[in-house]
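run.pdb (PDB, N, CA and C atoms) appears below.
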ATOM      1  N   MET D1182      -6.383 -18.824  -5.737
ATOM      2  CA  MET D1182      -5.549 -18.185  -4.723
ATOM      3  C   MET D1182      -5.848 -18.827  -3.373
ATOM      4  N   THR D1183      -4.845 -18.934  -2.564
ATOM      5  CA  THR D1183      -5.031 -19.525  -1.242
ATOM      6  C   THR D1183      -5.770 -18.543  -0.336
ATOM      7  N   GLU D1184      -6.199 -19.045   0.797
ATOM      8  CA  GLU D1184      -6.878 -18.197   1.760
ATOM      9  C   GLU D1184      -5.901 -17.136   2.284
ATOM     10  N   ILE D1185      -6.415 -15.950   2.522
ATOM     11  CA  ILE D1185      -5.578 -14.842   3.001
ATOM     12  C   ILE D1185      -4.959 -15.179   4.347
ATOM     13  N   THR D1186      -5.709 -15.847   5.200
ATOM     14  CA  THR D1186      -5.206 -16.142   6.544
ATOM     15  C   THR D1186      -4.088 -17.183   6.528
ATOM     16  N   GLU D1187      -3.958 -17.935   5.426
ATOM     17  CA  GLU D1187      -2.911 -18.953   5.337
ATOM     18  C   GLU D1187      -1.577 -18.401   4.836
ATOM     19  N   LEU D1188      -1.562 -17.169   4.333
ATOM     20  CA  LEU D1188      -0.332 -16.585   3.798
ATOM     21  C   LEU D1188       0.573 -16.109   4.928
ATOM     22  N   ASN D1189       1.885 -16.258   4.728
ATOM     23  CA  ASN D1189       2.794 -15.678   5.714
ATOM     24  C   ASN D1189       2.889 -14.174   5.456
ATOM     25  N   ASP D1190       3.515 -13.450   6.367
ATOM     26  CA  ASP D1190       3.529 -11.988   6.292
ATOM     27  C   ASP D1190       4.215 -11.468   5.031
ATOM     28  N   ASP D1191       5.319 -12.082   4.628
ATOM     29  CA  ASP D1191       6.041 -11.609   3.441
ATOM     30  C   ASP D1191       5.216 -11.803   2.171
ATOM     31  N   ASP D1192       4.606 -12.962   2.041
ATOM     32  CA  ASP D1192       3.775 -13.220   0.864
ATOM     33  C   ASP D1192       2.557 -12.300   0.849
ATOM     34  N   LEU D1193       1.978 -12.086   2.002
ATOM     35  CA  LEU D1193       0.815 -11.221   2.100
ATOM     36  C   LEU D1193       1.166  -9.799   1.649
ATOM     37  N   THR D1194       2.296  -9.304   2.088
ATOM     38  CA  THR D1194       2.742  -7.970   1.696
ATOM     39  C   THR D1194       2.991  -7.902   0.196
ATOM     40  N   ARG D1195       3.636  -8.920  -0.338
ATOM     41  CA  ARG D1195       3.943  -8.944  -1.770
ATOM     42  C   ARG D1195       2.659  -8.975  -2.597
ATOM     43  N   TYR D1196       1.704  -9.817  -2.199
ATOM     44  CA  TYR D1196       0.431  -9.884  -2.914
ATOM     45  C   TYR D1196      -0.326  -8.563  -2.815
ATOM     46  N   ALA D1197      -0.297  -7.925  -1.652
ATOM     47  CA  ALA D1197      -0.987  -6.643  -1.490
ATOM     48  C   ALA D1197      -0.410  -5.602  -2.444
ATOM     49  N   GLN D1198       0.910  -5.575  -2.575
ATOM     50  CA  GLN D1198       1.542  -4.626  -3.488
ATOM     51  C   GLN D1198       1.192  -4.938  -4.938
ATOM     52  N   GLU D1199       1.239  -6.203  -5.305
ATOM     53  CA  GLU D1199       0.926  -6.594  -6.683
ATOM     54  C   GLU D1199      -0.514  -6.251  -7.050
ATOM     55  N   TRP D1200      -1.451  -6.579  -6.172
ATOM     56  CA  TRP D1200      -2.857  -6.322  -6.482
ATOM     57  C   TRP D1200      -3.166  -4.835  -6.465
ATOM     58  N   ARG D1201      -2.506  -4.057  -5.619
ATOM     59  CA  ARG D1201      -2.714  -2.605  -5.625
ATOM     60  C   ARG D1201      -2.208  -2.019  -6.942
ATOM     61  N   GLN D1202      -1.076  -2.517  -7.444
ATOM     62  CA  GLN D1202      -0.576  -2.032  -8.729
ATOM     63  C   GLN D1202      -1.547  -2.367  -9.854
ATOM     64  N   ARG D1203      -2.099  -3.564  -9.834
ATOM     65  CA  ARG D1203      -3.105  -3.929 -10.839
ATOM     66  C   ARG D1203      -4.308  -2.997 -10.759
ATOM     67  N   SER D1204      -4.727  -2.701  -9.552
ATOM     68  CA  SER D1204      -5.868  -1.819  -9.357
ATOM     69  C   SER D1204      -5.580  -0.428  -9.903
ATOM     70  N   LEU D1205      -4.385   0.076  -9.654
ATOM     71  CA  LEU D1205      -4.021   1.404 -10.138
ATOM     72  C   LEU D1205      -3.890   1.451 -11.655
ATOM     73  N   ARG D1206      -3.679   0.307 -12.269
ATOM     74  CA  ARG D1206      -3.611   0.246 -13.731
ATOM     75  C   ARG D1206      -5.000   0.154 -14.368
ATOM     76  N   GLY D1207      -6.041   0.054 -13.552
ATOM     77  CA  GLY D1207      -7.396   0.084 -14.076
ATOM     78  C   GLY D1207      -8.179  -1.205 -13.983
ATOM     79  N   ASP D1208      -7.622  -2.235 -13.400
ATOM     80  CA  ASP D1208      -8.344  -3.501 -13.248
ATOM     81  C   ASP D1208      -9.364  -3.345 -12.126
ATOM     82  N   LYS D1209     -10.634  -3.312 -12.497
ATOM     83  CA  LYS D1209     -11.687  -3.037 -11.516
ATOM     84  C   LYS D1209     -11.846  -4.132 -10.469
ATOM     85  N   GLN D1210     -11.632  -5.384 -10.836
ATOM     86  CA  GLN D1210     -11.765  -6.478  -9.875
ATOM     87  C   GLN D1210     -10.599  -6.489  -8.880
ATOM     88  N   ALA D1211      -9.467  -5.938  -9.262
ATOM     89  CA  ALA D1211      -8.286  -5.961  -8.398
ATOM     90  C   ALA D1211      -8.445  -5.060  -7.184
ATOM     91  N   ARG D1212      -9.293  -4.056  -7.262
ATOM     92  CA  ARG D1212      -9.440  -3.125  -6.148
ATOM     93  C   ARG D1212      -9.924  -3.829  -4.888
ATOM     94  N   GLY D1213     -10.925  -4.671  -5.022
ATOM     95  CA  GLY D1213     -11.463  -5.374  -3.860
ATOM     96  C   GLY D1213     -10.465  -6.349  -3.254
ATOM     97  N   ILE D1214      -9.737  -7.044  -4.104
ATOM     98  CA  ILE D1214      -8.732  -7.992  -3.622
ATOM     99  C   ILE D1214      -7.608  -7.247  -2.922
ATOM    100  N   ALA D1215      -7.158  -6.136  -3.533
ATOM    101  CA  ALA D1215      -6.091  -5.343  -2.918
ATOM    102  C   ALA D1215      -6.533  -4.817  -1.560
ATOM    103  N   HIS D1216      -7.760  -4.370  -1.475
ATOM    104  CA  HIS D1216      -8.270  -3.847  -0.208
ATOM    105  C   HIS D1216      -8.304  -4.939   0.861
ATOM    106  N   ALA D1217      -8.749  -6.130   0.497
ATOM    107  CA  ALA D1217      -8.808  -7.239   1.455
ATOM    108  C   ALA D1217      -7.410  -7.619   1.942
ATOM    109  N   LEU D1218      -6.454  -7.660   1.029
ATOM    110  CA  LEU D1218      -5.079  -8.002   1.413
ATOM    111  C   LEU D1218      -4.480  -6.929   2.313
ATOM    112  N   GLU D1219      -4.671  -5.656   1.976
ATOM    113  CA  GLU D1219      -4.132  -4.568   2.790
ATOM    114  C   GLU D1219      -4.794  -4.526   4.166
ATOM    115  N   THR D1220      -6.062  -4.850   4.224
ATOM    116  CA  THR D1220      -6.758  -4.908   5.511
ATOM    117  C   THR D1220      -6.162  -5.995   6.397
ATOM    118  N   GLU D1221      -5.858  -7.138   5.805
ATOM    119  CA  GLU D1221      -5.251  -8.228   6.571
ATOM    120  C   GLU D1221      -3.847  -7.850   7.046
ATOM    121  N   VAL D1222      -3.095  -7.133   6.204
ATOM    122  CA  VAL D1222      -1.765  -6.665   6.610
ATOM    123  C   VAL D1222      -1.892  -5.763   7.825
ATOM    124  N   ARG D1223      -2.839  -4.824   7.791
ATOM    125  CA  ARG D1223      -3.029  -3.916   8.932
ATOM    126  C   ARG D1223      -3.572  -4.648  10.148
ATOM    127  N   ARG D1224      -4.443  -5.637   9.933
ATOM    128  CA  ARG D1224      -5.027  -6.376  11.057
ATOM    129  C   ARG D1224      -3.967  -7.138  11.833
ATOM    130  N   ARG D1225      -3.052  -7.728  11.094
ATOM    131  CA  ARG D1225      -1.988  -8.479  11.779
ATOM    132  C   ARG D1225      -1.109  -7.553  12.592
ATOM    133  N   GLY D1226      -0.864  -6.357  12.084
ATOM    134  CA  GLY D1226      -0.164  -5.323  12.836
ATOM    135  C   GLY D1226       1.158  -5.740  13.433
ATOM    136  N   GLN D1227       1.882  -6.576  12.751
ATOM    137  CA  GLN D1227       3.155  -7.038  13.274
ATOM    138  C   GLN D1227       4.281  -6.128  12.802
ATOM    139  N   ALA D1228       5.464  -6.319  13.373
ATOM    140  CA  ALA D1228       6.611  -5.484  13.037
ATOM    141  C   ALA D1228       6.995  -5.617  11.570
ATOM    142  N   SER D1229       6.698  -6.744  10.958
ATOM    143  CA  SER D1229       7.063  -6.928   9.562
ATOM    144  C   SER D1229       6.026  -6.341   8.603
ATOM    145  N   ALA D1230       4.946  -5.780   9.138
ATOM    146  CA  ALA D1230       3.929  -5.182   8.278
ATOM    147  C   ALA D1230       4.505  -3.952   7.595
ATOM    148  N   PRO D1231       4.177  -3.740   6.337
ATOM    149  CA  PRO D1231       4.754  -2.609   5.610
ATOM    150  C   PRO D1231       4.187  -1.289   6.095
ATOM    151  N   ALA D1232       5.011  -0.290   6.033
ATOM    152  CA  ALA D1232       4.525   1.050   6.321
ATOM    153  C   ALA D1232       3.688   1.496   5.127
ATOM    154  N   SER D1233       2.937   2.543   5.312
ATOM    155  CA  SER D1233       2.053   2.977   4.229
ATOM    156  C   SER D1233       2.828   3.354   2.979
ATOM    157  N   PHE D1234       4.077   3.849   3.133
ATOM    158  CA  PHE D1234       4.840   4.229   1.948
ATOM    159  C   PHE D1234       5.255   3.011   1.131
ATOM    160  N   GLU D1235       5.292   1.823   1.718
ATOM    161  CA  GLU D1235       5.635   0.631   0.955
ATOM    162  C   GLU D1235       4.470   0.172   0.082
ATOM    163  N   LEU D1236       3.262   0.487   0.484
ATOM    164  CA  LEU D1236       2.109   0.144  -0.333
ATOM    165  C   LEU D1236       1.840   1.202  -1.394
ATOM    166  N   ASP D1237       2.465   2.361  -1.246
ATOM    167  CA  ASP D1237       2.317   3.431  -2.219
ATOM    168  C   ASP D1237       3.168   3.105  -3.437
ATOM    169  N   THR D1238       2.548   2.936  -4.583
ATOM    170  CA  THR D1238       3.278   2.516  -5.775
ATOM    171  C   THR D1238       3.594   3.672  -6.711
ATOM    172  N   ARG D1239       3.406   4.898  -6.246
ATOM    173  CA  ARG D1239       3.774   6.037  -7.086
ATOM    174  C   ARG D1239       5.294   6.105  -7.205
ATOM    175  N   PRO D1240       5.807   6.741  -8.258
ATOM    176  CA  PRO D1240       7.260   6.911  -8.375
ATOM    177  C   PRO D1240       7.806   7.699  -7.183
ATOM    178  N   ALA D1241       9.049   7.447  -6.836
ATOM    179  CA  ALA D1241       9.657   8.061  -5.648
ATOM    180  C   ALA D1241       9.562   9.589  -5.630
ATOM    181  N   PRO D1242       9.806  10.295  -6.736
ATOM    182  CA  PRO D1242       9.707  11.760  -6.661
ATOM    183  C   PRO D1242       8.308  12.264  -6.289
ATOM    184  N   LEU D1243       7.286  11.518  -6.641
ATOM    185  CA  LEU D1243       5.926  11.946  -6.303
ATOM    186  C   LEU D1243       5.561  11.637  -4.858
ATOM    187  N   ARG D1244       6.305  10.734  -4.217
ATOM    188  CA  ARG D1244       6.012  10.376  -2.825
ATOM    189  C   ARG D1244       6.587  11.377  -1.839
ATOM    190  N   ARG D1245       7.548  12.184  -2.285
ATOM    191  CA  ARG D1245       8.145  13.154  -1.367
ATOM    192  C   ARG D1245       7.117  14.187  -0.942
ATOM    193  N   PRO D1246       7.121  14.579   0.328
ATOM    194  CA  PRO D1246       6.168  15.603   0.762
ATOM    195  C   PRO D1246       6.480  16.936   0.084
ATOM    196  N   THR D1247       5.444  17.652  -0.255
ATOM    197  CA  THR D1247       5.640  18.952  -0.894
ATOM    198  C   THR D1247       5.879  20.018   0.166
ATOM    199  N   LYS D1248       6.560  21.058  -0.244
ATOM    200  CA  LYS D1248       6.797  22.169   0.675
ATOM    201  C   LYS D1248       5.524  23.005   0.758
ATOM    202  N   PRO D1249       5.225  23.521   1.932
ATOM    203  CA  PRO D1249       4.032  24.360   2.040
ATOM    204  C   PRO D1249       4.213  25.656   1.250
ATOM    205  N   TRP D1250       3.135  26.194   0.765
ATOM    206  CA  TRP D1250       3.210  27.412  -0.031
ATOM    207  C   TRP D1250       3.437  28.650   0.838
ATOM    208  N   TRP D1251       3.252  28.509   2.157
ATOM    209  CA  TRP D1251       3.451  29.611   3.078
ATOM    210  C   TRP D1251       4.685  29.355   3.927
ATOM    211  N   ARG D1252       5.225  30.360   4.505
ATOM    212  CA  ARG D1252       6.389  30.225   5.380
ATOM    213  C   ARG D1252       5.979  30.448   6.825
ATOM    214  N   PHE D1253       6.537  29.632   7.675
ATOM    215  CA  PHE D1253       6.316  29.829   9.104
ATOM    216  C   PHE D1253       7.337  30.858   9.566
ATOM    217  N   TRP D1254       6.871  32.031   9.896
ATOM    218  CA  TRP D1254       7.769  33.145  10.139
ATOM    219  C   TRP D1254       8.953  32.711  10.860
TER     220      TRP D1254
END
Representation of the structure as structure tokens:
Amino acid sequence: MTEITELNDDDLTRYAQEWRQRSLRGDKQARGIAHALETEVRRRGQASAPASFELDTRPAPLRRPTKPWWRFW
């Protein structure tokens, strides 16, 4: 793999998503790589950086915020 600093923003985002998915599937070595890539995405902090929901690989229905169990009068 090339150096993280040499990747453009789009490739960096794509790799971060791919490695996070591998990590969530149980690949223990992928966790560290995913973390390093996501850290670089946040460090660059540019407008093209993904929002946190783009790195979230859960299915869309699970990403929706839940309603509170109490009501605000």
When the PyMOL selection byres (((chain D and resi 1197 and name CA) around 6) and name CA) is applied to the structure above, which residues does it catch, written out as a compact mmCIF listing (two decimals) with N, CA and C atoms, in the coordinates of the input?
# COMPACT_ATOMS: atom_id res chain seq x y z
N THR D 1194 2.30 -9.30 2.09
CA THR D 1194 2.74 -7.97 1.70
C THR D 1194 2.99 -7.90 0.20
N ARG D 1195 3.64 -8.92 -0.34
CA ARG D 1195 3.94 -8.94 -1.77
C ARG D 1195 2.66 -8.98 -2.60
N TYR D 1196 1.70 -9.82 -2.20
CA TYR D 1196 0.43 -9.88 -2.91
C TYR D 1196 -0.33 -8.56 -2.82
N GLN D 1198 0.91 -5.58 -2.58
CA GLN D 1198 1.54 -4.63 -3.49
C GLN D 1198 1.19 -4.94 -4.94
N GLU D 1199 1.24 -6.20 -5.30
CA GLU D 1199 0.93 -6.59 -6.68
C GLU D 1199 -0.51 -6.25 -7.05
N TRP D 1200 -1.45 -6.58 -6.17
CA TRP D 1200 -2.86 -6.32 -6.48
C TRP D 1200 -3.17 -4.84 -6.46
N ALA D 1215 -7.16 -6.14 -3.53
CA ALA D 1215 -6.09 -5.34 -2.92
C ALA D 1215 -6.53 -4.82 -1.56
N LEU D 1218 -6.45 -7.66 1.03
CA LEU D 1218 -5.08 -8.00 1.41
C LEU D 1218 -4.48 -6.93 2.31
N GLU D 1219 -4.67 -5.66 1.98
CA GLU D 1219 -4.13 -4.57 2.79
C GLU D 1219 -4.79 -4.53 4.17
Quiz item: Using the chain letters and numbers from this document, which residues of chain D does DSSP assign to alpha helix (DSSP H), as a PyMOL selection string?
Solution: chain D and resi 1190-1205+1209-1225+1233-1236+1241-1244
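Coordinates place atom N of Gln1210 (chain D) at a distance of 26.3 Å from atom C of Arg1244 (chain D).
CA of Leu1193 (chain D) sits 10.4 Å away from CA of Ala1217 (chain D).
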As AutoDock Vina command-line options, please: the centre and edge lengths in Å, to one decimal, of an axis-aligned box enclosing every listed atom of region 1185-1194 of chain D with 3 Å added on each side.
--center_x -0.2 --center_y -13.4 --center_z 3.4 --size_x 18.5 --size_y 17.1 --size_z 12.3
